[in-house]
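**Q** Could you have a look at this structure, given as structure tokens, before my questions?
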Amino acid sequence: MSKTNAKHLPPEVERQAFSIDEWRARWGFGRNFTYDLIAAGKLKSTKLGRKRIITAKQDREFAESLEVEAAQ
């Protein structure tokens with residue numbers, strides 16, 4: 001039996017959360033830069049036990065903040 005993981009989800013299933021590595025790969029950012037964004041409060045994240053994740057809502061809020069910054 002195969003293990004369930006995001007790579008095997010049907011295309012219509014939208015991701016609800018990303019690990020730091022998944023999120024930074026999605027945006028093309030480095031690990032240190034990503035943690036700098038979190039430390040500066042520009043990117044919100046959530047701790048689940050020892051793991052830090054970025055929810056789909058937090059990802060959208062980050063993208064919207066970039067658009068607002070660019071418009072100024």
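Residues in the structure tokens are named by chain (A, B, ... in the order shown) and by number from 1 within that chain; ligands are numbered from 1 in the order shown.
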Give me the residues within 9 Å of segment 19-23 of chain A as a PDB file with N, CA and C atoms, in the first residue's frame, counting only C-alpha atoms and dropping any in the same chain fewer than 6 places off.
**A**
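Here's the written file result_23.pdb:
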```pdb
ATOM      1  N   PHE A  29      12.541  31.126  -2.888  1.00  0.00           N
ATOM      2  CA  PHE A  29      13.335  31.827  -1.878  1.00  0.00           C
ATOM      3  C   PHE A  29      14.271  30.864  -1.176  1.00  0.00           C
ATOM      4  N   GLY A  30      15.350  31.388  -0.643  1.00  0.00           N
ATOM      5  CA  GLY A  30      16.274  30.601   0.157  1.00  0.00           C
ATOM      6  C   GLY A  30      15.743  30.401   1.565  1.00  0.00           C
ATOM      7  N   ARG A  31      16.324  29.451   2.254  1.00  0.00           N
ATOM      8  CA  ARG A  31      15.895  29.129   3.615  1.00  0.00           C
ATOM      9  C   ARG A  31      16.095  30.314   4.569  1.00  0.00           C
ATOM     10  N   THR A  34      13.639  33.146   3.903  1.00  0.00           N
ATOM     11  CA  THR A  34      12.299  32.785   4.372  1.00  0.00           C
ATOM     12  C   THR A  34      12.174  33.015   5.873  1.00  0.00           C
ATOM     13  N   TYR A  35      13.166  32.553   6.635  1.00  0.00           N
ATOM     14  CA  TYR A  35      13.120  32.759   8.081  1.00  0.00           C
ATOM     15  C   TYR A  35      13.268  34.238   8.435  1.00  0.00           C
ATOM     16  N   SER A  45       3.497  32.439  10.053  1.00  0.00           N
ATOM     17  CA  SER A  45       3.598  30.977  10.028  1.00  0.00           C
ATOM     18  C   SER A  45       3.000  30.435  11.320  1.00  0.00           C
ATOM     19  N   LYS A  51       7.257  21.424  14.245  1.00  0.00           N
ATOM     20  CA  LYS A  51       7.244  21.779  12.828  1.00  0.00           C
ATOM     21  C   LYS A  51       6.588  23.137  12.606  1.00  0.00           C
ATOM     22  N   ARG A  52       7.167  23.935  11.738  1.00  0.00           N
ATOM     23  CA  ARG A  52       6.597  25.229  11.353  1.00  0.00           C
ATOM     24  C   ARG A  52       5.982  25.071   9.966  1.00  0.00           C
ATOM     25  N   ILE A  53       4.738  25.533   9.826  1.00  0.00           N
ATOM     26  CA  ILE A  53       4.054  25.464   8.535  1.00  0.00           C
ATOM     27  C   ILE A  53       3.554  26.854   8.138  1.00  0.00           C
ATOM     28  N   ILE A  54       3.254  26.992   6.880  1.00  0.00           N
ATOM     29  CA  ILE A  54       2.639  28.203   6.354  1.00  0.00           C
ATOM     30  C   ILE A  54       1.329  27.753   5.713  1.00  0.00           C
ATOM     31  N   THR A  55       0.221  28.266   6.243  1.00  0.00           N
ATOM     32  CA  THR A  55      -1.078  27.862   5.725  1.00  0.00           C
ATOM     33  C   THR A  55      -1.345  28.544   4.389  1.00  0.00           C
ATOM     34  N   ASP A  59      -0.123  32.206   3.067  1.00  0.00           N
ATOM     35  CA  ASP A  59       0.524  32.353   1.758  1.00  0.00           C
ATOM     36  C   ASP A  59      -0.178  33.434   0.941  1.00  0.00           C
TER      37      ASP A  59
END
```
**Q** Please list as a PyMOL selection string every residue within 9 Å of Ala56 of chain A, counting only C-alpha atoms and excluding residues in the same chain fewer than 3 positions away.
**A** chain A and resi 14-18+59-61
**Q** Write out, as a compact mmCIF listing (two decimals), in the first residue's frame, the residues just selected, with C-alpha atoms.
**A**
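Output file again37.txt is given in full below:
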```txt
# COMPACT_ATOMS: atom_id res chain seq x y z
CA GLU A 14 -5.93 22.48 -3.05
CA ARG A 15 -3.07 22.44 -0.54
CA GLN A 16 -4.03 23.93 2.80
CA ALA A 17 -0.53 24.14 4.30
CA PHE A 18 3.12 24.01 3.29
CA ASP A 59 0.52 32.35 1.76
CA ARG A 60 -2.27 34.44 0.17
CA GLU A 61 -1.80 37.21 2.76
```
**Q** Smallest atom-to-atom distance to Leu66 of chain A: which of A:Gly28, A:Leu43, A:Val13, A:Asp36, using only C-alpha atoms?
**A**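 Smallest distance to Leu66 of chain A is found for A:Leu43.
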